[in-house]
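A.B. asks: Got a structure for you, query12.cif, holding mmCIF, C-alpha atoms.
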data_entry
loop_
_atom_site.label_atom_id
_atom_site.label_comp_id
_atom_site.auth_asym_id
_atom_site.auth_seq_id
_atom_site.Cartn_x
_atom_site.Cartn_y
_atom_site.Cartn_z
CA MET A 1 106.74 185.27 125.75
CA SER A 2 107.57 182.78 128.52
CA VAL A 3 106.55 179.16 128.68
CA PHE A 4 107.08 179.17 132.43
CA ASN A 5 103.94 180.79 133.81
CA ARG A 6 103.22 178.17 136.43
CA SER A 7 104.18 179.84 139.69
CA GLU A 8 103.43 183.01 141.56
CA ASP A 9 106.95 184.38 141.07
CA GLY A 10 106.74 184.22 137.27
CA GLY A 11 108.96 182.39 134.86
CA VAL A 12 112.63 182.27 134.11
CA SER A 13 114.29 185.64 134.65
CA ARG A 14 117.53 187.12 133.37
CA GLY A 15 120.22 186.76 135.99
CA GLU A 16 118.38 183.94 137.76
CA ARG A 17 120.80 181.58 139.50
CA ALA A 18 120.61 178.05 138.14
CA LEU A 19 122.13 174.60 138.51
CA LEU A 20 122.80 172.67 135.31
CA VAL A 21 122.48 168.89 135.36
CA VAL A 22 123.48 166.76 132.36
CA PRO A 23 122.36 163.11 132.61
CA ASP A 24 124.92 160.74 131.10
CA ARG A 25 122.98 157.68 130.04
CA ALA A 26 124.98 154.51 129.60
CA GLY A 27 124.68 152.55 126.38
CA LEU A 28 123.03 155.27 124.28
CA GLY A 29 126.09 155.72 122.06
CA ASN A 30 126.02 159.53 122.17
CA LEU A 31 128.39 160.91 119.53
CA ARG A 32 129.26 163.94 121.68
CA SER A 33 131.78 164.18 124.45
CA LEU A 34 130.28 164.85 127.86
CA ASP A 35 132.26 168.10 128.22
CA ALA A 36 130.84 169.38 124.90
CA ARG A 37 127.29 168.52 125.97
CA ILE A 38 127.75 170.39 129.25
CA GLU A 39 129.24 173.39 127.43
CA GLU A 40 126.39 173.50 124.90
CA ALA A 41 123.70 173.25 127.60
CA ALA A 42 125.38 176.07 129.53
CA GLY A 43 125.50 178.10 126.30
CA LEU A 44 121.77 177.62 125.81
CA ALA A 45 121.12 178.88 129.35
CA MET A 46 123.43 181.87 128.99
CA ALA A 47 121.79 182.75 125.66
CA ILE A 48 118.82 184.08 127.64
CA GLY A 49 120.82 185.52 130.52
CA ILE A 50 120.53 182.71 133.06
CA ASP A 51 123.42 182.64 135.55
CA VAL A 52 124.64 179.02 135.69
CA VAL A 53 126.37 178.80 139.07
CA ALA A 54 127.21 175.07 138.99
CA ARG A 55 127.39 172.32 136.38
CA HIS A 56 127.15 168.61 137.12
CA SER A 57 126.79 165.39 135.16
CA TYR A 58 125.25 162.25 136.61
CA ARG A 59 125.79 158.75 135.27
CA LEU A 60 122.45 156.99 134.75
CA ARG A 61 122.36 153.23 134.45
CA GLN A 62 118.59 153.42 134.12
CA ALA A 63 116.22 156.39 133.92
CA ARG A 64 113.71 156.53 136.78
CA PRO A 65 110.15 156.90 135.41
CA ALA A 66 109.11 159.13 138.32
CA SER A 67 112.12 161.44 138.55
CA LEU A 68 114.74 160.46 135.91
CA LEU A 69 117.51 160.74 138.53
CA GLY A 70 118.06 158.59 141.62
CA LYS A 71 117.10 159.76 145.11
CA GLY A 72 120.70 160.20 146.23
CA GLN A 73 121.48 162.32 143.19
CA ILE A 74 118.39 164.46 143.77
CA ASP A 75 119.28 164.97 147.45
CA GLU A 76 122.75 166.11 146.37
CA ILE A 77 121.21 168.57 143.87
CA ALA A 78 118.81 169.94 146.51
CA ALA A 79 121.67 170.53 148.95
CA LEU A 80 123.77 172.20 146.26
CA ALA A 81 120.84 174.43 145.23
CA GLU A 82 120.43 175.59 148.82
CA GLU A 83 124.17 176.18 149.17
CA GLU A 84 124.41 178.15 145.91
CA LYS A 85 121.08 179.95 146.49
CA ALA A 86 119.88 178.67 143.11
CA SER A 87 116.18 178.90 142.34
CA LEU A 88 116.26 177.11 138.98
CA LEU A 89 117.31 173.59 137.94
CA ILE A 90 118.07 172.98 134.26
CA VAL A 91 118.05 169.33 133.20
CA ASP A 92 119.64 168.71 129.81
CA ALA A 93 117.17 166.00 128.84
CA ALA A 94 113.52 165.69 127.88
CA LEU A 95 111.46 165.37 131.06
CA SER A 96 107.95 164.01 131.28
CA PRO A 97 105.43 166.22 133.13
CA VAL A 98 105.52 163.80 136.08
CA GLN A 99 109.32 163.85 136.26
CA GLN A 100 109.36 167.64 136.09
CA LYS A 101 106.76 167.96 138.84
CA ASN A 102 108.50 165.46 141.14
CA LEU A 103 111.90 167.08 140.66
CA GLU A 104 110.44 170.46 141.60
CA GLU A 105 108.91 169.06 144.77
CA MET A 106 112.10 167.22 145.77
CA THR A 107 114.61 170.01 145.00
CA LYS A 108 112.41 172.99 145.91
CA CYS A 109 113.51 174.63 142.63
CA LYS A 110 111.76 175.52 139.41
CA VAL A 111 112.73 172.86 136.87
CA ILE A 112 113.01 173.19 133.10
CA ASP A 113 114.20 170.58 130.65
CA ARG A 114 116.11 170.97 127.37
CA THR A 115 112.91 171.38 125.35
CA GLY A 116 111.58 174.11 127.62
CA LEU A 117 114.92 175.95 127.57
CA ILE A 118 115.08 175.98 123.76
CA LEU A 119 111.46 177.13 123.57
CA GLU A 120 112.27 179.96 125.97
CA ILE A 121 115.16 181.08 123.74
CA PHE A 122 113.00 180.97 120.63
CA GLY A 123 110.24 182.89 122.40
CA GLU A 124 112.65 185.68 123.30
CA ARG A 125 114.36 185.85 119.89
CA ALA A 126 111.42 185.64 117.46
CA ALA A 127 111.24 189.07 115.81
CA THR A 128 108.58 188.75 113.11
CA ALA A 129 104.86 188.10 113.48
CA GLU A 130 105.34 184.75 111.76
CA GLY A 131 108.18 183.77 114.06
CA ARG A 132 106.15 184.64 117.14
CA LEU A 133 103.22 182.55 115.88
CA GLN A 134 105.48 179.58 115.25
CA VAL A 135 107.04 179.80 118.71
CA GLU A 136 103.66 180.25 120.40
CA LEU A 137 102.29 177.16 118.65
CA ALA A 138 105.31 175.15 119.76
CA HIS A 139 105.16 176.23 123.39
CA LEU A 140 101.38 175.70 123.62
CA ASP A 141 101.89 172.17 122.35
CA TYR A 142 104.59 171.67 124.99
CA GLN A 143 102.56 173.28 127.75
CA ALA A 144 99.35 171.34 127.11
CA GLY A 145 100.67 168.20 128.82
CA ARG A 146 101.91 170.13 131.85
CA LEU A 147 98.72 171.91 132.87
CA VAL A 148 98.12 169.58 135.79
CA ARG A 149 101.21 171.06 137.46
CA SER A 150 99.57 174.47 137.69
CA TRP A 151 96.49 173.21 139.52
CA THR A 152 97.73 170.71 142.11
CA HIS A 153 96.36 172.96 144.86
CA LEU A 154 92.84 172.35 143.47
CA GLU A 155 93.20 168.60 142.95
CA ARG A 156 92.96 168.04 146.69
CA GLN A 157 89.49 169.62 146.82
CA ARG A 158 87.63 166.41 146.06
CA GLY A 159 83.89 166.28 146.20
CA GLY A 160 80.93 167.46 144.19
CA PHE A 161 79.03 165.32 141.73
CA GLY A 162 80.17 161.92 140.45
CA PHE A 163 83.61 160.45 140.84
CA LEU A 164 85.69 162.75 138.65
CA GLY A 165 86.78 164.98 141.52
CA GLY A 166 86.57 168.66 142.24
CA PRO A 167 87.16 172.03 140.59
CA GLY A 168 90.81 171.28 139.77
CA GLU A 169 89.84 169.04 136.88
CA THR A 170 87.27 171.58 135.67
CA GLN A 171 89.90 174.30 135.50
CA ILE A 172 92.35 171.99 133.72
CA GLU A 173 89.77 171.06 131.11
CA ALA A 174 88.88 174.71 130.57
CA ASP A 175 92.55 175.57 130.06
CA ARG A 176 92.99 172.67 127.68
CA ARG A 177 90.05 173.86 125.60
CA LEU A 178 91.52 177.37 125.49
CA ILE A 179 94.88 175.98 124.37
CA ARG A 180 93.29 173.76 121.72
CA ASP A 181 91.29 176.69 120.35
CA ARG A 182 94.32 178.98 120.29
CA MET A 183 96.44 176.31 118.57
CA ALA A 184 93.75 175.84 115.92
CA ARG A 185 93.70 179.60 115.22
CA ILE A 186 97.49 179.76 114.99
CA ARG A 187 97.57 176.79 112.60
CA LYS A 188 95.11 178.58 110.34
CA GLU A 189 97.26 181.71 110.35
CA LEU A 190 100.40 179.68 109.64
CA GLU A 191 98.60 177.89 106.80
CA GLN A 192 98.03 181.31 105.25
CA VAL A 193 101.73 182.05 105.76
CA LYS A 194 102.55 178.78 104.01
CA ARG A 195 100.35 179.69 101.04
CA THR A 196 101.91 183.15 100.83
CA ARG A 197 105.41 181.66 100.93
CA GLY A 198 104.37 179.24 98.20
CA LEU A 199 103.29 182.13 95.97
CA HIS A 200 106.60 183.91 96.62
CA ARG A 201 108.50 180.72 95.75
CA ASP A 202 106.54 180.34 92.52
CA ARG A 203 107.43 183.90 91.56
CA ARG A 204 111.10 183.31 92.37
CA GLN A 205 111.14 180.13 90.29
CA LYS A 206 109.86 182.09 87.30
CA ALA A 207 112.47 184.78 87.85
CA PRO A 208 115.92 184.47 86.27
CA TRP A 209 117.97 183.83 89.40
CA PRO A 210 118.83 180.83 91.58
CA VAL A 211 118.20 180.54 95.33
CA ILE A 212 120.93 179.23 97.65
CA ALA A 213 119.98 178.26 101.22
CA LEU A 214 122.35 178.22 104.19
CA VAL A 215 121.70 175.54 106.80
CA GLY A 216 123.78 174.36 109.72
CA TYR A 217 124.15 173.85 113.43
CA THR A 218 123.53 176.88 115.59
CA ASN A 219 126.66 179.04 115.97
CA ALA A 220 128.36 177.40 112.96
CA GLY A 221 128.84 180.86 111.42
CA LYS A 222 125.96 180.97 108.92
CA SER A 223 125.08 184.61 109.60
CA THR A 224 128.75 185.67 109.44
CA LEU A 225 129.10 183.92 106.07
CA PHE A 226 125.80 185.45 104.94
CA ASN A 227 127.07 188.92 105.80
CA ARG A 228 130.42 188.27 104.12
CA MET A 229 128.84 187.10 100.86
CA THR A 230 126.04 189.68 100.65
CA GLN A 231 127.56 192.70 102.46
CA ALA A 232 124.50 192.59 104.72
CA SER A 233 124.35 193.36 108.44
CA VAL A 234 122.39 190.42 109.86
CA ILE A 235 123.12 189.97 113.56
CA ALA A 236 126.06 187.57 113.96
CA GLN A 237 127.24 186.84 117.49
CA ASP A 238 129.07 184.05 119.30
CA LEU A 239 125.70 183.05 120.74
CA LEU A 240 123.40 180.09 120.27
CA PHE A 241 120.34 180.96 118.15
CA ALA A 242 121.46 184.57 117.61
CA THR A 243 119.06 184.78 114.65
CA LEU A 244 115.77 182.95 114.08
CA ASP A 245 113.86 184.58 111.26
CA PRO A 246 114.94 183.69 107.71
CA THR A 247 116.61 186.44 105.70
CA MET A 248 117.13 186.71 101.94
CA ARG A 249 119.61 188.97 100.14
CA GLN A 250 121.10 189.30 96.69
CA VAL A 251 124.51 187.67 96.28
CA LYS A 252 127.08 187.80 93.45
CA ILE A 253 127.80 184.41 91.88
CA PRO A 254 130.03 184.14 88.76
CA GLY A 255 128.03 183.36 85.63
CA PHE A 256 124.76 184.72 87.06
CA ASP A 257 123.40 188.23 86.78
CA LYS A 258 121.77 187.75 90.16
CA ALA A 259 121.35 185.08 92.85
CA ILE A 260 119.52 184.97 96.18
CA LEU A 261 121.13 183.76 99.41
CA SER A 262 118.81 182.64 102.22
CA ASP A 263 119.90 182.44 105.88
CA THR A 264 117.79 180.06 107.99
CA VAL A 265 117.41 179.20 111.67
CA GLY A 266 120.23 177.14 113.15
CA PHE A 267 119.68 173.57 114.30
CA VAL A 268 120.71 171.93 117.54
CA SER A 269 120.89 168.39 118.87
CA ASP A 270 117.56 167.05 120.16
CA LEU A 271 115.70 169.96 118.55
CA PRO A 272 112.18 169.80 120.02
CA THR A 273 109.72 168.10 117.67
CA GLU A 274 107.24 170.87 118.49
CA LEU A 275 109.64 173.43 117.00
CA VAL A 276 110.39 171.39 113.88
CA ALA A 277 106.64 171.11 113.26
CA ALA A 278 105.96 174.78 113.98
CA PHE A 279 108.84 176.03 111.81
CA ARG A 280 108.00 173.71 108.91
CA ALA A 281 106.61 176.60 106.81
CA THR A 282 109.88 178.50 107.24
CA LEU A 283 112.11 175.47 106.70
CA GLU A 284 110.25 174.57 103.52
CA GLU A 285 112.14 177.48 101.97
CA VAL A 286 115.15 175.18 102.05
CA SER A 287 113.40 172.45 100.06
CA SER A 288 112.70 174.85 97.18
CA ALA A 289 116.29 176.12 96.92
CA ASP A 290 118.50 175.38 93.91
CA LEU A 291 121.43 174.55 96.20
CA ILE A 292 121.84 173.92 99.93
CA LEU A 293 125.06 175.03 101.64
CA HIS A 294 125.59 173.07 104.85
CA VAL A 295 127.80 175.32 106.99
CA ARG A 296 129.87 173.41 109.55
CA ASP A 297 132.03 174.67 112.41
CA ILE A 298 134.96 172.51 111.37
CA ALA A 299 137.02 173.65 114.37
CA HIS A 300 134.47 172.29 116.86
CA PRO A 301 135.45 168.97 118.49
CA ASP A 302 131.95 167.60 117.81
CA SER A 303 131.68 168.86 114.23
CA ALA A 304 130.77 165.39 112.88
CA ALA A 305 128.02 164.91 115.47
CA GLN A 306 126.63 168.39 114.73
CA ALA A 307 126.57 167.57 111.01
CA ALA A 308 124.66 164.36 111.76
CA ASP A 309 122.06 166.35 113.73
CA VAL A 310 121.57 168.76 110.81
CA GLU A 311 121.13 165.83 108.42
CA THR A 312 118.52 164.34 110.77
CA VAL A 313 116.43 167.54 110.69
CA LEU A 314 116.78 167.83 106.91
CA ALA A 315 115.67 164.20 106.56
CA SER A 316 112.58 164.98 108.66
CA LEU A 317 111.73 167.62 106.04
CA GLY A 318 112.04 165.05 103.26
CA LEU A 319 115.35 166.46 102.01
CA ASP A 320 117.06 163.06 101.83
CA GLU A 321 114.85 161.88 98.98
CA ASP A 322 115.27 161.89 95.22
CA GLY A 323 114.61 165.28 93.70
CA SER A 324 115.93 167.17 96.74
CA PRO A 325 118.23 170.16 96.09
CA PRO A 326 121.94 169.31 95.75
CA ARG A 327 124.16 170.04 98.74
CA MET A 328 127.62 171.36 99.39
CA GLU A 329 129.45 171.45 102.70
CA VAL A 330 131.16 174.67 103.79
CA TRP A 331 133.84 173.96 106.38
CA ASN A 332 133.91 177.23 108.31
CA LYS A 333 136.17 178.73 111.00
CA LEU A 334 139.52 177.86 109.43
CA ASP A 335 140.89 180.86 111.35
CA LEU A 336 140.58 178.82 114.56
CA LEU A 337 142.82 176.05 113.25
CA GLY A 338 146.56 175.99 112.78
CA GLY A 339 149.48 173.82 111.84
CA ASP A 340 149.05 170.29 110.53
CA GLU A 341 145.34 170.11 111.41
CA ARG A 342 144.56 173.10 109.23
CA ALA A 343 146.71 171.86 106.33
CA GLU A 344 145.09 168.43 106.49
CA LEU A 345 141.54 169.83 106.41
CA VAL A 346 142.29 172.25 103.58
CA GLY A 347 143.86 169.43 101.62
CA GLU A 348 140.89 167.12 102.16
CA ALA A 349 138.44 169.86 101.15
CA GLY A 350 140.48 170.45 97.98
CA ARG A 351 140.15 166.78 97.02
CA ARG A 352 136.35 166.79 97.35
CA ASN A 353 134.10 168.49 94.81
CA GLU A 354 131.27 169.05 97.28
CA VAL A 355 133.36 170.70 100.05
CA VAL A 356 134.90 174.18 100.37
CA ALA A 357 136.95 175.30 103.38
CA VAL A 358 136.51 178.95 104.42
CA SER A 359 136.82 181.47 107.19
CA ALA A 360 133.70 183.62 107.10
CA LEU A 361 135.30 185.91 109.68
CA THR A 362 138.42 186.75 107.64
CA GLY A 363 137.00 186.10 104.15
CA GLU A 364 139.52 183.36 103.36
CA GLY A 365 138.12 180.92 100.78
CA VAL A 366 134.91 182.87 100.15
CA ASP A 367 135.82 183.64 96.52
CA THR A 368 136.57 179.96 96.02
CA LEU A 369 133.14 179.21 97.47
CA ARG A 370 131.47 181.55 94.97
CA GLU A 371 133.23 179.76 92.08
CA ALA A 372 132.28 176.35 93.48
CA VAL A 373 128.63 177.42 93.83
CA SER A 374 128.65 178.62 90.21
CA LEU A 375 130.04 175.29 89.00
CA PHE A 376 127.52 173.39 91.11
CA LEU A 377 124.59 175.37 89.75
CA HIS A 378 125.76 174.82 86.19
CA SER A 379 126.63 171.14 86.64
CA GLY A 380 124.34 168.34 85.55
CA GLY A 381 122.92 170.48 82.78
CA VAL A 382 121.74 169.21 79.42
CA ALA A 383 122.23 171.13 76.16
CA HIS A 384 118.93 172.27 74.60
CA HIS A 385 118.57 173.77 71.12
CA LEU A 386 116.00 176.55 71.20
CA ARG A 387 114.43 179.00 68.76
CA LEU A 388 113.25 182.41 70.01
CA ASP A 389 111.78 185.53 68.48
CA ALA A 390 114.51 188.15 68.25
CA GLY A 391 112.39 190.54 70.30
CA ASP A 392 111.78 188.07 73.16
CA GLY A 393 114.16 189.79 75.56
CA LEU A 394 112.60 188.22 78.68
CA ARG A 395 113.35 184.61 77.71
CA LEU A 396 116.74 185.52 76.27
CA ALA A 397 117.78 187.25 79.50
CA TRP A 398 116.42 184.30 81.53
CA LEU A 399 118.49 181.79 79.54
CA HIS A 400 121.67 183.84 79.85
CA ALA A 401 121.15 184.23 83.60
CA ARG A 402 120.15 180.66 84.48
CA GLY A 403 121.99 178.62 81.86
CA ASN A 404 125.25 178.34 79.98
CA VAL A 405 124.65 179.68 76.45
CA LEU A 406 126.93 177.57 74.22
CA ASP A 407 125.91 179.11 70.90
CA GLN A 408 123.67 181.95 69.68
CA ARG A 409 122.92 182.76 66.04
CA SER A 410 120.50 185.19 64.37
CA GLU A 411 118.38 184.18 61.38
CA GLY A 412 116.13 187.03 60.31
CA GLU A 413 113.53 187.59 63.02
CA GLN A 414 114.60 184.55 65.05
CA LEU A 415 117.44 183.48 67.30
CA HIS A 416 118.88 179.95 67.43
CA LEU A 417 120.46 179.06 70.77
CA ALA A 418 122.24 176.08 72.27
CA VAL A 419 121.85 176.40 76.05
CA LYS A 420 122.99 174.07 78.82
CA LEU A 421 120.34 174.00 81.58
CA SER A 422 119.93 171.98 84.76
CA PRO A 423 116.82 169.77 84.89
CA GLU A 424 115.24 172.18 87.40
CA ASN A 425 115.87 175.22 85.20
CA TRP A 426 114.66 173.41 82.09
CA ALA A 427 111.38 172.69 83.90
CA ARG A 428 111.15 176.33 84.96
CA TYR A 429 111.86 177.54 81.44
CA GLN A 430 109.01 175.44 80.11
CA ARG A 431 106.68 177.14 82.62
CA LEU A 432 107.63 180.66 81.47
#
Rewrite the structure from the file as structure tokens, please.

C.D. replies:
Amino acid sequence: MSVFNRSEDGGVSRGERALLVVPDRAGLGNLRSLDARIEEAAGLAMAIGIDVVARHSYRLRQARPASLLGKGQIDEIAALAEEEKASLLIVDAALSPVQQKNLEEMTKCKVIDRTGLILEIFGERAATAEGRLQVELAHLDYQAGRLVRSWTHLERQRGGFGFLGGPGETQIEADRRLIRDRMARIRKELEQVKRTRGLHRDRRQKAPWPVIALVGYTNAGKSTLFNRMTQASVIAQDLLFATLDPTMRQVKIPGFDKAILSDTVGFVSDLPTELVAAFRATLEEVSSADLILHVRDIAHPDSAAQAADVETVLASLGLDEDGSPPRMEVWNKLDLLGGDERAELVGEAGRRNEVVAVSALTGEGVDTLREAVSLFLHSGGVAHHLRLDAGDGLRLAWLHARGNVLDQRSEGEQLHLAVKLSPENWARYQRL
């Protein structure tokens, strides 16, 4: 699926030569270094096989409403594109339809912005029917405002009845109706997906095992950690957005007969709002987890800024409110650190209850993580004194799996138990 179907020569192609432009806006207080932003944008392009032949940043004192960049900067880009034989211009910023159209006319290149590039990656990577629906909804939402760019050749054919113009507007309105209808159908299908996921969550909440969700910035090592903890074979590459569709596997956690680990889509700075909305049904899996593990690439120079971006997305899902699942941070990629820096980070993680330092690649610290998860899941519990029928094996097994059984005594046909349960598990037990 390509969101770039606006020209006769098709959309973005693998191996297409591209220029990368990163606007550096003064006074915006960006937490990232400029070099890291350029590297990430190039990584996004290379994730779908685009050949970035030149990278440039331009200082912007003020964004131009018509073209974002100044005329001199655009002339320089056009000359460079001709020199490098580049047919594509990637702008690492959100462009308005007008800015995108004007930049194409002035540089004689196809132009995509950061949102379009991320949508293209998601469109290529979505593997399940649900994932493809979510991506299609997002790119239709993005494309709806850019239809006028596909029909500029008709806008000049003025005439006909009234003052609204010629057939160009008619075609645009027809396309908009088609897009609106398709989006409505997709939303209905995704609503069914949401209901189905809700039923699955209800069943899991009644079952005697906790759910742990991995979240984090793209390429932080979530899938590698997932594979290490579950002995699974989920694709894990040094590639942005290597995996999109959520995956669940059984994982061994001390003190639990069984637990479920969920791997979710990675986040990125300036994640398109269309994608956050479209993937809400998938990301809601995180909100129903018993524990959220925020996996961070602690060796990355912009690790703090990446963590802030993840927190922003989680907040948009309502996961910064009371009643949200507890969180732990997993500081990953210790294998990339050495010397004093490594010792300092390991020491800091050891002093904090909610942080564990690991190397998912080598397995270092993973057993410590399992123990920390177990303690976290058992913490905050309240002791409850319960009476069960001796033959009620289902509830007895549930209590042993989800709680800490402090005492168990038999009296004839009944069992007396003292069990420490978290508030969430106590509520689930009452629903059994």

A.B. asks: Could you state which residues are captured by the PyMOL selection byres ((chain A and resi 180-189) around 9) in this file, as a PDB file with C-alpha atoms, in the frame of the given file?

C.D. replies:
ATOM      1  CA  GLU A 130     105.340 184.750 111.760  1.00  0.00           C
ATOM      2  CA  LEU A 133     103.220 182.550 115.880  1.00  0.00           C
ATOM      3  CA  GLN A 134     105.480 179.580 115.250  1.00  0.00           C
ATOM      4  CA  GLU A 136     103.660 180.250 120.400  1.00  0.00           C
ATOM      5  CA  LEU A 137     102.290 177.160 118.650  1.00  0.00           C
ATOM      6  CA  LEU A 140     101.380 175.700 123.620  1.00  0.00           C
ATOM      7  CA  ASP A 141     101.890 172.170 122.350  1.00  0.00           C
ATOM      8  CA  ALA A 144      99.350 171.340 127.110  1.00  0.00           C
ATOM      9  CA  ASP A 175      92.550 175.570 130.060  1.00  0.00           C
ATOM     10  CA  ARG A 176      92.990 172.670 127.680  1.00  0.00           C
ATOM     11  CA  ARG A 177      90.050 173.860 125.600  1.00  0.00           C
ATOM     12  CA  LEU A 178      91.520 177.370 125.490  1.00  0.00           C
ATOM     13  CA  ILE A 179      94.880 175.980 124.370  1.00  0.00           C
ATOM     14  CA  LEU A 190     100.400 179.680 109.640  1.00  0.00           C
ATOM     15  CA  GLU A 191      98.600 177.890 106.800  1.00  0.00           C
ATOM     16  CA  GLN A 192      98.030 181.310 105.250  1.00  0.00           C
ATOM     17  CA  VAL A 193     101.730 182.050 105.760  1.00  0.00           C
ATOM     18  CA  LYS A 194     102.550 178.780 104.010  1.00  0.00           C
ATOM     19  CA  ALA A 278     105.960 174.780 113.980  1.00  0.00           C
TER      20      ALA A 278
END

A.B. asks: Please measure the separation of atom CA of A:Gly72 and atom CA of A:Arg59, giving the value in Å to one decimal.

C.D. replies: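 So the two atoms, atom CA of A:Gly72 and atom CA of A:Arg59, lie 12.2 Å apart.
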
A.B. asks: Pick out the closest residue to A:Ser33 from this set: A:Asp335, A:Asp309, A:Asp302, A:Glu124. Count only C-alpha atoms.

C.D. replies: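 Using only C-alpha atoms, A:Ser33 sits closest to A:Asp302.
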
A.B. asks: Near A:His378, counting all atoms listed in the file, which residues have an atom at most 12 Å away, once you skip same-chain residues fewer than 4 positions from it, shown as a list in words?

C.D. replies: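 Counting only the stated atoms, we get Pro210, Ile253, Pro254, Gly255, Phe256, Asp290, Leu291, Pro326, Glu371, Ala372, Val373, Ser374, Val382, Ala383, His400, Ala401, Arg402, Gly403, Asn404, Val405, Val419, Lys420, Leu421, Ser422, Pro423, Glu424, Asn425 and Trp426 of chain A.
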
A.B. asks: Need to verify the contact set: stretch 347-360 of chain A, 9 Å, only C-alpha atoms, exclusion of same-chain residues closer than 4 positions in sequence. Can you return it as an MDAnalysis selection string?

C.D. replies: chainID A and resid 221:222 224:229 298 327:336 342:343 364:366 368:369 372 376

A.B. asks: Residues near A:Leu69, anyone? I mean within 10 Å using only C-alpha atoms, not counting same-chain ones fewer than 5 positions away, as a ChimeraX atom specification.

C.D. replies: /A:23,58-64,74,99,103

A.B. asks: Just how far from atom CA of A:Asp51 is atom CA of A:Glu76, in Å to one decimal?

C.D. replies: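 Interatomic distance, atom CA of A:Glu76 to atom CA of A:Asp51: 19.8 Å.
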
A.B. asks: Assuming the chain letters and numbering stay as they are in my file, what does the PyMOL selection byres ((chain A and resi 275) around 10) actually select? List them as a PyMOL selection string.

C.D. replies: chain A and resi 115+118-119+122+134-139+141-142+271-274+276-280

A.B. asks: Go ahead and compute the interatomic distance for atom CA of A:Arg387 and atom CA of A:Trp209, in Å to one decimal.

C.D. replies: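 We find that atom CA of A:Arg387 and atom CA of A:Trp209 lie 21.5 Å from each other.
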
A.B. asks: Tell me which residues the PyMOL selection byres ((chain A and resi 86) around 10) grabs here, as a list in words.

C.D. replies: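 Output of the PyMOL selection byres ((chain A and resi 86) around 10): Glu16, Arg17, Ala18, Leu19, Asp51, Val52, Val53, Ala54, Ala78, Leu80, Ala81, Glu82, Glu83, Glu84, Lys85, Ser87, Leu88, Leu89, Lys108, Cys109 and Lys110 of chain A.
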
A.B. asks: Of the candidates A:Asp407, A:Met248, A:Arg395, A:Ser379, which shows the shortest atom-to-atom distance to A:Arg428, using all atoms listed in the file?

C.D. replies: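 Selected residue with least distance to A:Arg428: A:Arg395.
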
A.B. asks: Compare A:Asp320, A:Asp297, A:Glu39, A:Asp389 by their minimum atom-to-atom distance to A:Ser410, counting only C-alpha atoms, and give me the closest one.

C.D. replies: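 Among A:Asp320, A:Asp297, A:Glu39, A:Asp389, it is A:Asp389 that comes nearest to A:Ser410.
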
A.B. asks: With 6 Å on each side, where is the centre of the axis-aligned box around all listed atoms of stretch 322-340 of chain A, and how long are its edges in Å to one decimal, as AutoDock Vina command-line options?

C.D. replies:
--center_x 132.0 --center_y 171.4 --center_z 104.1 --size_x 46.9 --size_y 31.0 --size_z 32.9

A.B. asks: Give me stretch 359-369 of chain A with N, CA and C atoms filled in, as a PDB file, in the frame of the given file.

C.D. replies:
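Just written: part.pdb:
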ATOM      1  N   SER A 359     136.955 180.731 105.943  1.00  0.00           N
ATOM      2  CA  SER A 359     136.820 181.470 107.190  1.00  0.00           C
ATOM      3  C   SER A 359     135.886 182.636 106.910  1.00  0.00           C
ATOM      4  N   ALA A 360     134.655 182.538 107.346  1.00  0.00           N
ATOM      5  CA  ALA A 360     133.700 183.620 107.100  1.00  0.00           C
ATOM      6  C   ALA A 360     134.145 184.898 107.809  1.00  0.00           C
ATOM      7  N   LEU A 361     134.886 184.744 108.912  1.00  0.00           N
ATOM      8  CA  LEU A 361     135.300 185.910 109.680  1.00  0.00           C
ATOM      9  C   LEU A 361     136.359 186.723 108.933  1.00  0.00           C
ATOM     10  N   THR A 362     137.331 186.037 108.327  1.00  0.00           N
ATOM     11  CA  THR A 362     138.420 186.750 107.640  1.00  0.00           C
ATOM     12  C   THR A 362     138.170 186.872 106.131  1.00  0.00           C
ATOM     13  N   GLY A 363     137.265 186.078 105.597  1.00  0.00           N
ATOM     14  CA  GLY A 363     137.000 186.100 104.150  1.00  0.00           C
ATOM     15  C   GLY A 363     137.803 185.087 103.375  1.00  0.00           C
ATOM     16  N   GLU A 364     138.699 184.358 104.039  1.00  0.00           N
ATOM     17  CA  GLU A 364     139.520 183.360 103.360  1.00  0.00           C
ATOM     18  C   GLU A 364     138.629 182.273 102.732  1.00  0.00           C
ATOM     19  N   GLY A 365     138.840 181.989 101.447  1.00  0.00           N
ATOM     20  CA  GLY A 365     138.120 180.920 100.780  1.00  0.00           C
ATOM     21  C   GLY A 365     136.752 181.288 100.261  1.00  0.00           C
ATOM     22  N   VAL A 366     136.265 182.496 100.561  1.00  0.00           N
ATOM     23  CA  VAL A 366     134.910 182.870 100.150  1.00  0.00           C
ATOM     24  C   VAL A 366     134.801 183.008  98.634  1.00  0.00           C
ATOM     25  N   ASP A 367     135.836 183.559  97.990  1.00  0.00           N
ATOM     26  CA  ASP A 367     135.820 183.640  96.520  1.00  0.00           C
ATOM     27  C   ASP A 367     135.821 182.259  95.892  1.00  0.00           C
ATOM     28  N   THR A 368     136.571 181.343  96.499  1.00  0.00           N
ATOM     29  CA  THR A 368     136.570 179.960  96.020  1.00  0.00           C
ATOM     30  C   THR A 368     135.181 179.353  96.167  1.00  0.00           C
ATOM     31  N   LEU A 369     134.502 179.696  97.257  1.00  0.00           N
ATOM     32  CA  LEU A 369     133.140 179.210  97.470  1.00  0.00           C
ATOM     33  C   LEU A 369     132.199 179.721  96.381  1.00  0.00           C
TER      34      LEU A 369
END
